[in-house]
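Participant: Next up, start.cif (mmCIF, C-alpha atoms).
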```cif
data_query
#
loop_
_atom_site.label_atom_id
_atom_site.label_comp_id
_atom_site.auth_asym_id
_atom_site.auth_seq_id
_atom_site.Cartn_x
_atom_site.Cartn_y
_atom_site.Cartn_z
CA MET A 12 13.76 -10.72 17.83
CA GLY A 13 13.02 -13.90 19.79
CA PRO A 14 11.71 -17.03 18.05
CA ARG A 15 8.22 -16.55 19.45
CA MET A 16 8.03 -12.93 18.44
CA PHE A 17 9.48 -13.75 15.04
CA ARG A 18 6.92 -16.51 14.54
CA ARG A 19 4.09 -14.16 15.38
CA ALA A 20 5.40 -11.39 13.12
CA ALA A 21 5.99 -13.76 10.23
CA LEU A 22 2.58 -15.38 10.55
CA SER A 23 0.89 -12.00 10.76
CA ALA A 24 2.71 -10.92 7.63
CA LEU A 25 1.70 -14.16 5.89
CA LEU A 26 -1.95 -13.61 6.82
CA LEU A 27 -1.86 -10.05 5.58
CA VAL A 28 -0.35 -11.18 2.29
CA LEU A 29 -2.92 -13.93 1.90
CA VAL A 30 -5.79 -11.53 2.50
CA ALA A 31 -4.28 -8.86 0.27
CA CYS A 32 -3.93 -11.44 -2.48
CA GLY A 33 -7.42 -12.76 -1.91
CA GLY A 34 -9.08 -9.90 -3.71
CA SER A 35 -6.76 -9.87 -6.65
CA GLY A 36 -6.61 -13.51 -7.39
CA GLY A 37 -2.94 -14.18 -7.00
CA GLY A 38 -1.51 -17.51 -6.05
CA ASN A 39 -0.01 -19.06 -9.15
CA ALA A 40 3.35 -19.51 -7.47
CA ARG A 41 1.57 -21.99 -5.21
CA GLY A 42 0.88 -24.24 -8.17
CA ASP A 43 -2.53 -22.76 -8.88
CA ASP A 44 -3.81 -22.20 -12.37
CA LEU A 45 -6.94 -20.20 -11.57
CA ALA A 46 -7.25 -16.73 -10.14
CA VAL A 47 -9.87 -16.49 -7.41
CA GLN A 48 -11.64 -13.21 -6.67
CA VAL A 49 -13.68 -13.42 -3.50
CA ALA A 50 -16.79 -11.38 -4.31
CA SER A 51 -18.60 -11.59 -0.96
CA TYR A 52 -18.85 -8.57 1.31
CA ASP A 53 -19.28 -8.44 5.05
CA LEU A 54 -18.87 -12.13 5.81
CA ALA A 55 -19.59 -13.15 9.38
CA THR A 56 -19.76 -16.33 11.38
CA GLY A 57 -22.78 -18.52 10.80
CA PRO A 58 -24.54 -19.72 7.67
CA THR A 59 -23.98 -17.50 4.67
CA ARG A 60 -23.95 -17.22 0.91
CA PHE A 61 -20.36 -17.14 -0.36
CA ILE A 62 -19.56 -15.93 -3.89
CA LEU A 63 -16.38 -15.76 -5.91
CA GLY A 64 -15.28 -15.03 -9.43
CA LEU A 65 -12.94 -17.35 -11.30
CA LEU A 66 -10.50 -16.37 -14.02
CA THR A 67 -7.70 -18.05 -15.85
CA LEU A 68 -4.28 -16.61 -15.13
CA ASP A 69 -4.53 -14.66 -18.39
CA GLN A 70 -7.71 -13.05 -17.06
CA ARG A 71 -10.33 -14.97 -19.03
CA LEU A 72 -13.57 -15.59 -17.18
CA ILE A 73 -14.75 -19.04 -16.16
CA GLY A 74 -18.50 -19.58 -16.27
CA TYR A 75 -21.27 -22.21 -16.16
CA GLY A 76 -21.58 -25.54 -14.41
CA THR A 77 -20.51 -26.01 -10.84
CA VAL A 78 -17.15 -25.80 -9.11
CA ASP A 79 -15.88 -27.34 -5.90
CA LEU A 80 -14.98 -25.13 -2.98
CA ARG A 81 -13.10 -26.07 0.15
CA PHE A 82 -12.53 -23.71 3.04
CA SER A 83 -9.80 -23.58 5.61
CA TYR A 84 -9.44 -21.43 8.68
CA VAL A 85 -6.09 -19.66 8.74
CA GLY A 86 -6.17 -17.74 12.00
CA THR A 87 -6.35 -14.23 13.30
CA LYS A 88 -3.90 -11.37 13.12
CA GLU A 89 -2.77 -12.18 16.62
CA ASN A 90 -2.85 -15.93 16.43
CA ALA A 91 -2.21 -17.95 13.30
CA ASP A 92 -3.88 -21.34 13.50
CA PRO A 93 -3.94 -22.85 10.01
CA GLN A 94 -6.38 -25.72 9.68
CA PRO A 95 -6.68 -28.28 6.88
CA PHE A 96 -9.29 -27.69 4.18
CA GLY A 97 -12.78 -28.90 5.05
CA PRO A 98 -15.22 -30.89 2.91
CA VAL A 99 -16.16 -29.92 -0.63
CA VAL A 100 -19.03 -27.50 -1.09
CA LYS A 101 -20.57 -27.29 -4.56
CA ALA A 102 -20.89 -23.77 -5.95
CA ALA A 103 -23.21 -23.03 -8.86
CA TYR A 104 -22.73 -20.42 -11.55
CA LEU A 105 -24.73 -17.23 -11.03
CA PRO A 106 -24.80 -15.26 -14.29
CA ILE A 107 -25.47 -11.57 -13.83
CA HIS A 108 -28.51 -9.95 -15.36
CA GLY A 109 -28.06 -9.36 -19.08
CA SER A 110 -25.87 -12.40 -19.66
CA GLU A 111 -26.85 -14.39 -22.72
CA THR A 112 -27.13 -17.85 -21.29
CA PRO A 113 -27.62 -20.57 -23.90
CA SER A 114 -30.49 -22.96 -23.42
CA PRO A 115 -29.72 -25.40 -22.00
CA PRO A 116 -26.72 -23.79 -20.32
CA PRO A 117 -23.39 -25.66 -20.52
CA SER A 118 -23.27 -28.21 -17.73
CA ALA A 119 -19.56 -27.87 -17.05
CA PRO A 120 -17.37 -24.84 -16.42
CA GLU A 121 -15.81 -23.30 -19.49
CA ILE A 122 -13.98 -20.16 -20.52
CA VAL A 123 -16.55 -17.53 -21.43
CA LEU A 124 -16.48 -14.17 -23.15
CA SER A 125 -17.55 -11.17 -21.10
CA SER A 126 -19.79 -10.09 -23.96
CA GLU A 127 -21.74 -13.32 -23.55
CA SER A 128 -21.79 -14.04 -19.87
CA ARG A 129 -20.41 -12.57 -16.68
CA GLY A 130 -21.02 -14.00 -13.29
CA VAL A 131 -19.76 -15.58 -10.12
CA TYR A 132 -20.02 -18.94 -8.41
CA GLY A 133 -22.09 -19.09 -5.26
CA ALA A 134 -22.60 -21.60 -2.47
CA GLN A 135 -24.22 -21.75 0.92
CA THR A 136 -21.72 -22.46 3.64
CA THR A 137 -21.09 -21.84 7.31
CA PHE A 138 -18.10 -20.22 8.97
CA ASP A 139 -17.73 -21.31 12.54
CA LYS A 140 -15.22 -18.74 13.71
CA ALA A 141 -14.04 -15.25 12.98
CA GLY A 142 -10.63 -14.65 11.46
CA PHE A 143 -8.90 -15.13 8.17
CA TRP A 144 -10.00 -17.95 5.92
CA GLU A 145 -8.81 -19.40 2.66
CA VAL A 146 -10.93 -20.85 -0.11
CA GLU A 147 -9.69 -23.34 -2.67
CA ALA A 148 -11.75 -23.50 -5.86
CA THR A 149 -11.51 -26.36 -8.32
CA ALA A 150 -13.09 -26.20 -11.76
CA VAL A 151 -12.87 -28.93 -14.35
CA VAL A 152 -12.42 -27.05 -17.62
CA ASP A 153 -12.02 -29.03 -20.84
CA GLY A 154 -11.49 -32.17 -18.77
CA LYS A 155 -8.64 -30.68 -16.76
CA ALA A 156 -8.98 -29.81 -13.08
CA ARG A 157 -7.83 -26.27 -12.43
CA THR A 158 -7.47 -24.84 -8.95
CA GLY A 159 -7.01 -21.49 -7.34
CA LYS A 160 -7.03 -20.03 -3.87
CA GLY A 161 -8.17 -16.81 -2.32
CA ALA A 162 -8.17 -15.44 1.19
CA PHE A 163 -10.79 -13.42 2.98
CA ALA A 164 -11.84 -12.22 6.42
CA VAL A 165 -14.82 -13.45 8.43
CA ASN A 166 -16.03 -11.15 11.20
CA ALA A 167 -17.75 -12.14 14.42
CA THR A 168 -20.82 -10.14 13.43
CA HIS A 169 -22.12 -8.41 10.33
CA ALA A 170 -21.33 -4.73 9.96
CA ILE A 171 -24.13 -4.22 7.42
CA PRO A 172 -27.81 -4.93 8.27
CA ALA A 173 -28.39 -8.65 7.93
CA VAL A 174 -31.14 -11.23 7.79
CA GLY A 175 -33.32 -11.00 10.89
CA ASP A 176 -32.42 -7.38 11.62
CA GLN A 177 -35.08 -4.73 11.74
CA ALA A 178 -34.83 -2.63 8.58
CA LEU A 179 -33.75 0.96 9.04
CA PRO A 180 -36.71 3.32 8.43
CA THR A 181 -34.77 5.43 5.96
CA GLU A 182 -36.11 8.46 4.16
CA THR A 183 -34.64 7.62 0.80
CA LEU A 184 -34.68 10.18 -2.00
CA THR A 185 -37.62 10.10 -4.39
CA LEU A 186 -38.65 11.91 -7.54
CA THR A 187 -40.52 14.39 -5.37
CA THR A 188 -37.84 15.10 -2.78
CA PRO A 189 -37.22 18.84 -3.06
CA ASP A 190 -33.83 20.42 -3.79
CA VAL A 191 -32.05 17.26 -4.83
CA PRO A 192 -29.91 17.03 -7.96
CA LEU A 193 -31.20 14.22 -10.18
CA PRO A 194 -27.89 12.28 -10.16
CA ALA A 195 -28.24 12.02 -6.38
CA ILE A 196 -31.42 10.03 -7.02
CA ASP A 197 -29.83 7.93 -9.75
CA SER A 198 -26.30 8.49 -10.99
CA ARG A 199 -27.53 7.67 -14.51
CA ALA A 200 -29.64 10.81 -14.57
CA GLY A 201 -26.82 13.00 -15.88
CA SER A 202 -28.76 13.57 -19.09
CA GLY A 203 -31.69 14.92 -17.08
CA GLU A 204 -33.83 11.81 -17.00
CA ILE A 205 -34.19 9.17 -14.30
CA PRO A 206 -33.99 5.85 -16.14
CA ASP A 207 -35.90 3.83 -13.55
CA PRO A 208 -38.55 6.21 -12.12
CA ASP A 209 -40.61 3.39 -10.63
CA LEU A 210 -37.76 2.69 -8.22
CA HIS A 211 -37.93 6.23 -6.85
CA ARG A 212 -41.61 6.72 -6.00
CA THR A 213 -41.57 5.74 -2.34
CA THR A 214 -39.13 5.64 0.55
CA ILE A 215 -38.09 2.68 2.63
CA ALA A 216 -39.56 4.49 5.64
CA ALA A 217 -42.94 4.94 3.94
CA SER A 218 -43.11 1.32 2.84
CA LEU A 219 -42.26 0.11 6.31
CA ALA A 220 -44.91 2.38 7.79
CA ALA A 221 -47.45 0.97 5.31
CA LYS A 222 -46.34 -2.55 6.27
CA ARG A 223 -45.49 -3.40 2.69
CA PRO A 224 -42.57 -5.67 1.81
CA VAL A 225 -39.65 -3.82 0.23
CA VAL A 226 -36.90 -4.79 -2.16
CA ALA A 227 -34.20 -2.16 -1.78
CA VAL A 228 -31.18 -2.00 -4.06
CA PHE A 229 -28.24 0.13 -2.98
CA ALA A 230 -26.15 0.80 -6.05
CA THR A 231 -24.45 3.49 -8.05
CA PRO A 232 -24.81 2.36 -11.65
CA VAL A 233 -22.37 4.97 -13.01
CA TYR A 234 -19.69 5.11 -10.32
CA CYS A 235 -19.76 1.47 -9.34
CA THR A 236 -16.58 -0.15 -8.16
CA SER A 237 -17.79 -3.74 -8.42
CA ARG A 238 -18.91 -3.65 -12.10
CA PHE A 239 -22.24 -5.23 -11.23
CA CYS A 240 -24.28 -2.20 -10.08
CA GLY A 241 -25.87 -1.48 -13.45
CA PRO A 242 -27.04 -5.04 -14.14
CA VAL A 243 -28.24 -5.51 -10.56
CA THR A 244 -30.23 -2.26 -10.66
CA ASP A 245 -31.68 -3.20 -14.04
CA LEU A 246 -32.72 -6.57 -12.63
CA VAL A 247 -34.55 -4.95 -9.72
CA ASP A 248 -36.22 -2.52 -12.13
CA GLU A 249 -37.42 -5.44 -14.23
CA LEU A 250 -38.73 -7.30 -11.18
CA ALA A 251 -40.43 -4.10 -9.97
CA HIS A 252 -42.62 -4.09 -13.05
CA GLN A 253 -43.51 -7.75 -12.56
CA TYR A 254 -44.09 -7.83 -8.81
CA ALA A 255 -45.33 -4.32 -7.93
CA ASP A 256 -48.44 -5.95 -6.47
CA ARG A 257 -46.39 -7.86 -3.90
CA ALA A 258 -43.73 -5.41 -2.74
CA ASP A 259 -42.37 -1.91 -3.11
CA PHE A 260 -39.11 -1.55 -4.99
CA VAL A 261 -36.60 1.15 -4.12
CA HIS A 262 -33.28 2.07 -5.66
CA VAL A 263 -31.00 3.98 -3.31
CA GLU A 264 -28.23 5.79 -5.15
CA ILE A 265 -24.96 5.73 -3.24
CA TRP A 266 -23.54 9.14 -4.14
CA ARG A 267 -25.04 12.50 -3.41
CA ASP A 268 -22.00 13.98 -5.16
CA PHE A 269 -19.38 11.57 -6.44
CA GLN A 270 -16.81 14.23 -7.27
CA ASN A 271 -16.97 15.72 -3.80
CA ARG A 272 -17.15 12.29 -2.16
CA THR A 273 -20.50 12.94 -0.51
CA VAL A 274 -22.51 9.80 0.12
CA ASN A 275 -26.31 9.99 0.30
CA LYS A 276 -27.29 9.76 3.96
CA SER A 277 -29.74 6.95 3.29
CA ALA A 278 -27.00 4.92 1.61
CA ALA A 279 -24.51 5.71 4.37
CA ASP A 280 -26.96 4.60 7.04
CA TRP A 281 -27.24 1.19 5.41
CA VAL A 282 -23.96 0.31 3.72
CA LEU A 283 -21.15 2.68 4.79
CA ARG A 284 -19.17 1.44 7.77
CA ASN A 285 -15.79 2.70 8.97
CA ASP A 286 -15.18 4.46 5.66
CA GLN A 287 -15.73 1.14 3.91
CA LEU A 288 -18.22 1.29 1.08
CA ASN A 289 -19.15 -1.75 -0.94
CA GLU A 290 -21.94 -1.98 -3.47
CA PRO A 291 -24.27 -3.11 -4.85
CA TRP A 292 -26.50 -4.58 -2.15
CA ILE A 293 -30.06 -5.86 -2.34
CA PHE A 294 -32.19 -6.23 0.79
CA VAL A 295 -35.53 -7.96 0.88
CA ILE A 296 -37.63 -6.70 3.77
CA GLY A 297 -40.80 -8.39 4.97
CA ALA A 298 -44.08 -6.70 5.82
CA ASP A 299 -43.05 -6.95 9.48
CA GLY A 300 -40.05 -4.72 8.78
CA ARG A 301 -37.45 -7.43 9.22
CA ILE A 302 -34.80 -8.21 6.63
CA THR A 303 -35.56 -11.62 5.14
CA ALA A 304 -32.71 -11.81 2.61
CA ARG A 305 -29.75 -9.80 1.53
CA PHE A 306 -27.50 -10.12 -1.50
CA ASP A 307 -24.04 -8.66 -1.69
CA ASN A 308 -22.49 -7.69 -5.01
CA VAL A 309 -24.35 -10.11 -7.25
CA ALA A 310 -27.95 -11.25 -7.24
CA THR A 311 -29.78 -13.18 -9.89
CA ARG A 312 -33.39 -13.49 -10.94
CA GLN A 313 -33.19 -17.15 -9.92
CA GLU A 314 -32.39 -16.11 -6.36
CA LEU A 315 -34.80 -13.19 -6.04
CA GLU A 316 -37.86 -14.42 -7.87
CA PRO A 317 -38.77 -17.27 -5.46
CA LEU A 318 -38.69 -14.78 -2.59
CA LEU A 319 -41.07 -12.46 -4.45
CA ARG A 320 -43.39 -15.26 -5.51
CA ALA A 321 -43.65 -16.31 -1.87
CA LEU A 322 -45.07 -12.92 -0.94
CA PRO A 323 -48.86 -12.53 -0.92
CA VAL A 324 -50.46 -10.34 -3.56
CA ILE A 325 -51.40 -7.10 -1.80
CA GLY A 326 -51.93 -4.82 -4.78
CA PRO A 327 -49.85 -1.90 -5.96
CA ALA A 328 -48.83 0.86 -3.61
CA ALA A 329 -51.36 3.61 -3.08
CA GLY A 330 -50.77 6.90 -4.88
CA MET B 99 13.44 -24.95 11.09
CA LEU B 100 10.19 -23.17 11.93
CA ARG B 101 11.71 -19.82 11.05
CA ARG B 102 12.95 -21.18 7.71
CA SER B 103 9.58 -22.67 6.78
CA LEU B 104 7.76 -19.49 7.76
CA VAL B 105 10.06 -17.38 5.67
CA ALA B 106 9.62 -19.80 2.77
CA ALA B 107 5.85 -19.70 3.11
CA LEU B 108 5.88 -15.93 3.21
CA LEU B 109 8.07 -15.71 0.14
CA VAL B 110 5.85 -18.12 -1.75
CA ALA B 111 2.76 -16.16 -0.78
CA VAL B 112 4.35 -12.84 -1.77
CA ALA B 113 5.52 -14.29 -5.07
CA GLY B 114 2.06 -15.65 -5.74
CA CYS B 115 0.53 -12.30 -4.99
CA GLY B 116 2.78 -10.53 -7.44
CA GLY B 117 1.42 -12.42 -10.39
CA SER B 118 4.61 -11.92 -12.34
CA ASP B 119 3.73 -14.51 -14.96
CA GLY B 120 0.42 -12.88 -15.87
CA PRO B 121 0.03 -10.55 -18.82
CA ASP B 122 1.59 -7.10 -18.65
CA PRO B 123 -1.19 -5.04 -17.03
CA ASN B 124 -0.36 -1.95 -19.07
CA ALA B 125 -0.64 -3.93 -22.29
CA THR B 126 -4.21 -4.78 -21.36
CA LEU B 127 -4.96 -1.14 -20.64
CA VAL B 128 -3.49 -0.02 -23.96
CA ASP B 129 -5.37 -2.73 -25.82
CA ALA B 130 -8.61 -1.48 -24.28
CA HIS B 131 -8.10 1.87 -26.00
CA ALA B 132 -7.50 0.14 -29.32
CA ALA B 133 -10.68 -1.85 -28.77
CA LEU B 134 -12.71 1.32 -28.18
CA CYS B 135 -11.31 2.85 -31.38
CA GLU B 136 -12.16 -0.33 -33.30
CA ALA B 137 -15.64 -0.33 -31.80
CA ALA B 138 -16.24 3.24 -32.94
CA ALA B 139 -15.21 2.26 -36.44
CA GLU B 140 -17.08 -1.06 -36.50
CA PRO B 141 -20.43 -0.69 -34.72
CA ALA B 142 -21.42 -4.28 -35.49
CA ARG B 143 -18.55 -5.52 -33.31
CA ALA B 144 -18.88 -2.82 -30.66
CA ARG B 145 -20.53 -4.99 -28.01
CA ALA B 146 -17.90 -7.72 -28.16
CA LEU B 147 -15.03 -5.26 -28.35
CA PHE B 148 -16.34 -3.24 -25.42
CA PHE B 149 -17.13 -6.09 -23.04
CA ASP B 150 -14.34 -8.47 -23.99
CA ARG B 151 -11.46 -6.04 -24.26
CA ALA B 152 -12.32 -2.69 -22.72
CA HIS B 153 -14.84 -2.91 -19.89
CA ASP B 154 -12.64 -4.22 -17.10
CA ALA B 155 -9.74 -1.96 -18.09
CA LEU B 156 -12.02 1.08 -17.87
CA HIS B 157 -12.94 0.14 -14.32
CA GLU B 158 -9.34 -0.55 -13.45
CA VAL B 159 -8.11 2.80 -14.76
CA ALA B 160 -10.97 4.68 -13.07
CA ARG B 161 -10.08 2.97 -9.82
CA ARG B 162 -6.42 3.92 -10.17
CA VAL B 163 -7.12 7.64 -10.64
CA GLU B 164 -10.12 7.85 -8.34
CA GLU B 165 -8.15 9.26 -5.41
CA SER B 166 -5.92 11.73 -7.23
CA GLU B 167 -8.08 12.72 -10.22
CA ARG B 168 -11.64 12.40 -9.01
CA PRO B 169 -13.29 14.59 -11.72
CA LEU B 170 -11.48 12.68 -14.44
CA ALA B 171 -12.51 9.35 -12.93
CA ALA B 172 -16.09 10.65 -12.90
CA GLN B 173 -15.88 11.70 -16.56
CA LEU B 174 -14.50 8.33 -17.52
CA LEU B 175 -17.16 6.37 -15.66
CA GLU B 176 -19.93 8.59 -17.01
CA ALA B 177 -18.72 8.15 -20.59
CA LYS B 178 -18.43 4.40 -20.01
CA GLU B 179 -21.94 4.17 -18.62
CA VAL B 180 -23.45 5.90 -21.68
CA VAL B 181 -21.88 3.29 -23.94
CA GLU B 182 -22.56 0.36 -21.63
CA SER B 183 -26.25 1.28 -21.20
CA ASP B 184 -26.76 1.43 -24.94
CA LEU B 185 -24.92 -1.82 -25.55
CA THR B 186 -26.93 -3.53 -22.83
CA ALA B 187 -30.30 -2.18 -23.88
CA THR B 188 -29.99 -2.16 -27.66
CA ARG B 189 -26.75 -4.08 -28.30
CA GLN B 190 -25.51 -1.03 -30.19
CA ALA B 191 -23.65 2.11 -29.22
CA ARG B 192 -23.27 5.40 -31.03
CA PRO B 193 -19.84 5.81 -32.63
CA ASP B 194 -19.65 9.36 -31.25
CA ASP B 195 -20.13 8.05 -27.71
CA LEU B 196 -17.46 5.43 -28.26
CA ARG B 197 -15.05 8.01 -29.62
CA ARG B 198 -15.73 10.29 -26.67
CA LEU B 199 -15.13 7.40 -24.28
CA ALA B 200 -11.90 6.51 -26.07
CA GLU B 201 -10.70 10.10 -25.76
CA VAL B 202 -11.52 10.43 -22.06
CA TYR B 203 -9.87 7.07 -21.50
CA ARG B 204 -6.78 8.19 -23.43
CA THR B 205 -6.55 11.30 -21.25
CA THR B 206 -6.91 9.21 -18.13
CA LEU B 207 -4.23 6.78 -19.28
CA GLY B 208 -1.99 9.81 -19.77
CA ARG B 209 -2.35 10.63 -16.07
CA LEU B 210 -0.95 7.17 -15.40
CA ALA B 211 1.98 7.91 -17.74
CA ILE B 212 0.61 5.49 -20.32
CA THR B 213 0.66 7.08 -23.74
CA VAL B 214 -1.61 6.03 -26.58
CA ALA B 215 -2.39 7.76 -29.87
CA PRO B 216 -5.89 9.12 -30.49
CA CYS B 217 -8.29 7.03 -32.55
CA ASP B 218 -7.80 7.58 -36.28
#
```
Written as structure tokens, how would this file's structure read?

Facilitator:
Amino acid sequence: MGPRMFRRAALSALLLVLVACGGSGGGNARGDDLAVQVASYDLATGPTRFILGLLTLDQRLIGYGTVDLRFSYVGTKENADPQPFGPVVKAAYLPIHGSETPSPPPSAPEIVLSSESRGVYGAQTTFDKAGFWEVEATAVVDGKARTGKGAFAVNATHAIPAVGDQALPTETLTLTTPDVPLPAIDSRAGSGEIPDPDLHRTTIAASLAAKRPVVAVFATPVYCTSRFCGPVTDLVDELAHQYADRADFVHVEIWRDFQNRTVNKSAADWVLRNDQLNEPWIFVIGADGRITARFDNVATRQELEPLLRALPVIGPAAG
Amino acid sequence: MLRRSLVAALLVAVAGCGGSDGPDPNATLVDAHAALCEAAAEPARARALFFDRAHDALHEVARRVEESERPLAAQLLEAKEVVESDLTATRQARPDDLRRLAEVYRTTLGRLAITVAPCD
């Protein structure tokens, strides 16, 4: 193998390792003392919300306060081009629904128990080119700066419907859709009862046709891979009761039949791409049918509520 | 020189990925079963035991068997959800549900060649 070919092969291997490690939070051999789990899905060039989870190397969660993030472009599979880390971006703690956040919340990051609080850190940032990137997170815990790194991919364009896109007029399953097993409407309906019936009264298509804003959550609370589907669905259910006069709220269950690996068509249309399925997702759709916000994996009341309050009161859906 | 530094970088990255100085992953999975048994016996501590010691392990084990043992993964996640829903909504879970979850989890661990004794 010539030097050039060797360089390319070695750099490609390095990139693959970095990305493979990115999801699992490795990196302690590089002097890191935090494990970073990149929690964002479907990152693409341009301005975006970026979220990550932080753990100690013995798998204890870090929560509260803010942490510093720095990003560096690493290159593509074909062409490694490692760049130095950019400026610091502050990321705030986003506790998932159901967390018991003390009042006032701790101002600095600390080790938290999962039974008290689970969440991620989120920041707004911009990726200027597609390829592999690395994030370095620094959290000051008990007065000591701890760092960790994670790698992730940024695509040229989003694979999943994004802000500004026209929403897909999907005929989602409802309580009145004939010949549908209840767990296909909500995976929690195994006992014969849909736990959040108000999220299954209309379809995205019907709401779009009625020119009503929609908050659609795509999640499988039982068979979730991300661990956040249940809390995210519960959050949307809670908001649905509060803001039914401003928008329609729809829960789209991912699985038609989990055991036989059949995805509901409405879920596939929105969030299944190239056999890749990530959930949960929340999409906020305006009365004009365009997506105004989307949240991957984790969304909080603090992020969603201002969007709902900004909508005009139009009254509850007819029927 | 370049070749040497690239090899070194690759080795460092691979070593970092391995996480060899973290806790034994199987120990965490076994401890999760113990936590579920404790939770069934001590309902007042069930929420902390479930979320702090068992929840992530349940997801991890379900993920590991999802391809090869899909029905078992489904059973495990369904049993987990029953407990998790109750703990989230009421902060309590029924001991019978916890015991059932522990048993499904024990069976699933067995498929991964990890042996644990049933709850007492």

Participant: I need the residue set behind the PyMOL selection byres ((chain B and resi 142-150) around 12) for this file; please write it as JSON, numbers by chain.

Facilitator: {"A": [70, 71, 72, 110, 123, 124, 125, 126, 127, 128, 129, 238], "B": [126, 129, 130, 131, 132, 133, 134, 135, 136, 137, 138, 139, 140, 141, 151, 152, 153, 154, 155, 156, 157, 178, 179, 181, 182, 183, 184, 185, 186, 187, 188, 189, 190, 191, 192, 193, 195, 196, 197, 199, 200]}

Participant: Just want the 12 Å neighbourhood of Ala102 in chain A, counted on all atoms listed in the file, with same-chain residues fewer than 5 positions away dropped. Output as a PyMOL selection string.

Facilitator: chain A and resi 60-65+74-81+119-120+131-136+146-150

Participant: Any chance you could resolve the PyMOL selection byres ((chain A and resi 245-260) around 8) against this file and give the residues as a PyMOL selection string?

Facilitator: chain A and resi 108+207+209-210+213+218+223-228+241-244+261-262+311-312+316+319+322-328

Participant: If we count only C-alpha atoms and set the cut-off at 12 Å, which residues sit around Ile212 in chain B, ignoring sequence neighbours fewer than 2 positions away in its own chain? Please answer as a ChimeraX atom specification.

Facilitator: /B:123-129,131,159,203-210,214-215

Participant: So how far away is CA of Phe229 in chain A from CA of Val202 in chain B, in Å?

Facilitator: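 The value is 27.4 Å.
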
Participant: From the set B:Asp194, B:Asp218, B:Ala211, B:Val180, which residue has the shortest atom-to-atom contact distance to chain A, counting only C-alpha atoms?

Facilitator: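 Looking at the shortest contact to chain A, the residue is B:Val180.
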
Participant: Pick the closest to Leu45 in chain A from A:Val151, A:Val99, A:Ala195, A:Leu288: which is it, counting all atoms listed in the file?

Facilitator: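 The shortest atom-to-atom distance to Leu45 in chain A comes from A:Val151.
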
Participant: Which is closer to chain A than all the others in B:Glu158, B:Glu176, B:Glu165, B:Asp122, using all atoms listed in the file?

Facilitator: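 Checking each of B:Glu158, B:Glu176, B:Glu165, B:Asp122 against chain A, counting all atoms listed in the file, the winner is B:Glu176.
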
Participant: Give me the residues near Asn285 in chain A as a list of chain:residue names, where near means some atom within 12 Å (using only C-alpha atoms) and where sequence neighbours in that chain fewer than 4 positions away do not count.

Facilitator: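 Listed by chain and then number, they are A:Ala170, A:Ile171, A:Ala279, A:Asp280, A:Asn289.
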
Participant: What does the structure give for the distance between CA of Glu204 in chain A and CA of Thr236 in chain A, in Å to one decimal?

Facilitator: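 According to the coordinates, CA of Glu204 in chain A and CA of Thr236 in chain A are separated by 22.8 Å.
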
Participant: Box for range 301-304 of chain A: with edges along x, y and z, all listed atoms inside and 5 Å added on each side, what are the centre and edge lengths in Å to one decimal, as lines of an AutoDock Vina configuration file?

Facilitator:
```
center_x = -35.1
center_y = -9.6
center_z = 5.9
size_x = 14.7
size_y = 14.4
size_z = 16.6
```

Participant: Report the residues retrieved by the PyMOL selection byres ((chain A and resi 309) around 8) from the displayed file, expressed as a ChimeraX atom specification.

Facilitator: /A:107,130-131,239,243,291-292,306-308,310-311

Participant: Which neighbours of Ala167 in chain A fall inside 10 Å, counting only C-alpha atoms, when residues of the same chain fewer than 2 positions from it are skipped, and could you give them as a list in words?

Facilitator: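 So the residues in contact are Leu54, Ala55, Thr56, Gly57, Phe138, Asp139, Lys140, Ala141, Gly142, Ala164, Val165, His169 and Ala170 of chain A.
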
Participant: Counting only C-alpha atoms, which residue out of B:Leu174, B:Arg168, B:Cys217, B:Ala160 sits closest to Asn271 in chain A?

Facilitator: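 Between B:Leu174, B:Arg168, B:Cys217, B:Ala160, the residue approaching Asn271 in chain A most closely is B:Arg168.
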
Participant: So the first atom is CA of Val100 in chain A and the second is CA of Val152 in chain A; what is the distance between them in Å, to one decimal place?

Facilitator: 17.8 Å

Participant: Counting all atoms listed in the file, which residue out of A:Pro194, A:Pro58, A:Gly97, A:Pro116 sits closest to chain B?

Facilitator: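 Smallest separation from chain B among the options: A:Pro194.
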
Participant: Nearest residue to chain B out of A:Gly161, A:Pro192, A:Gly154, A:Pro208, using only C-alpha atoms?

Facilitator: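 Using only C-alpha atoms, chain B sits closest to A:Gly161.
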
Participant: Leaving out Asp92 in chain A and any residue of its chain fewer than 5 positions from it, which residues lie within 10 Å of it when counting only C-alpha atoms, given as a list in words?

Facilitator: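 Contacts, in chain order: Leu22, Tyr84, Val85, Gly86, Thr87, Gly142 and Phe143 of chain A.
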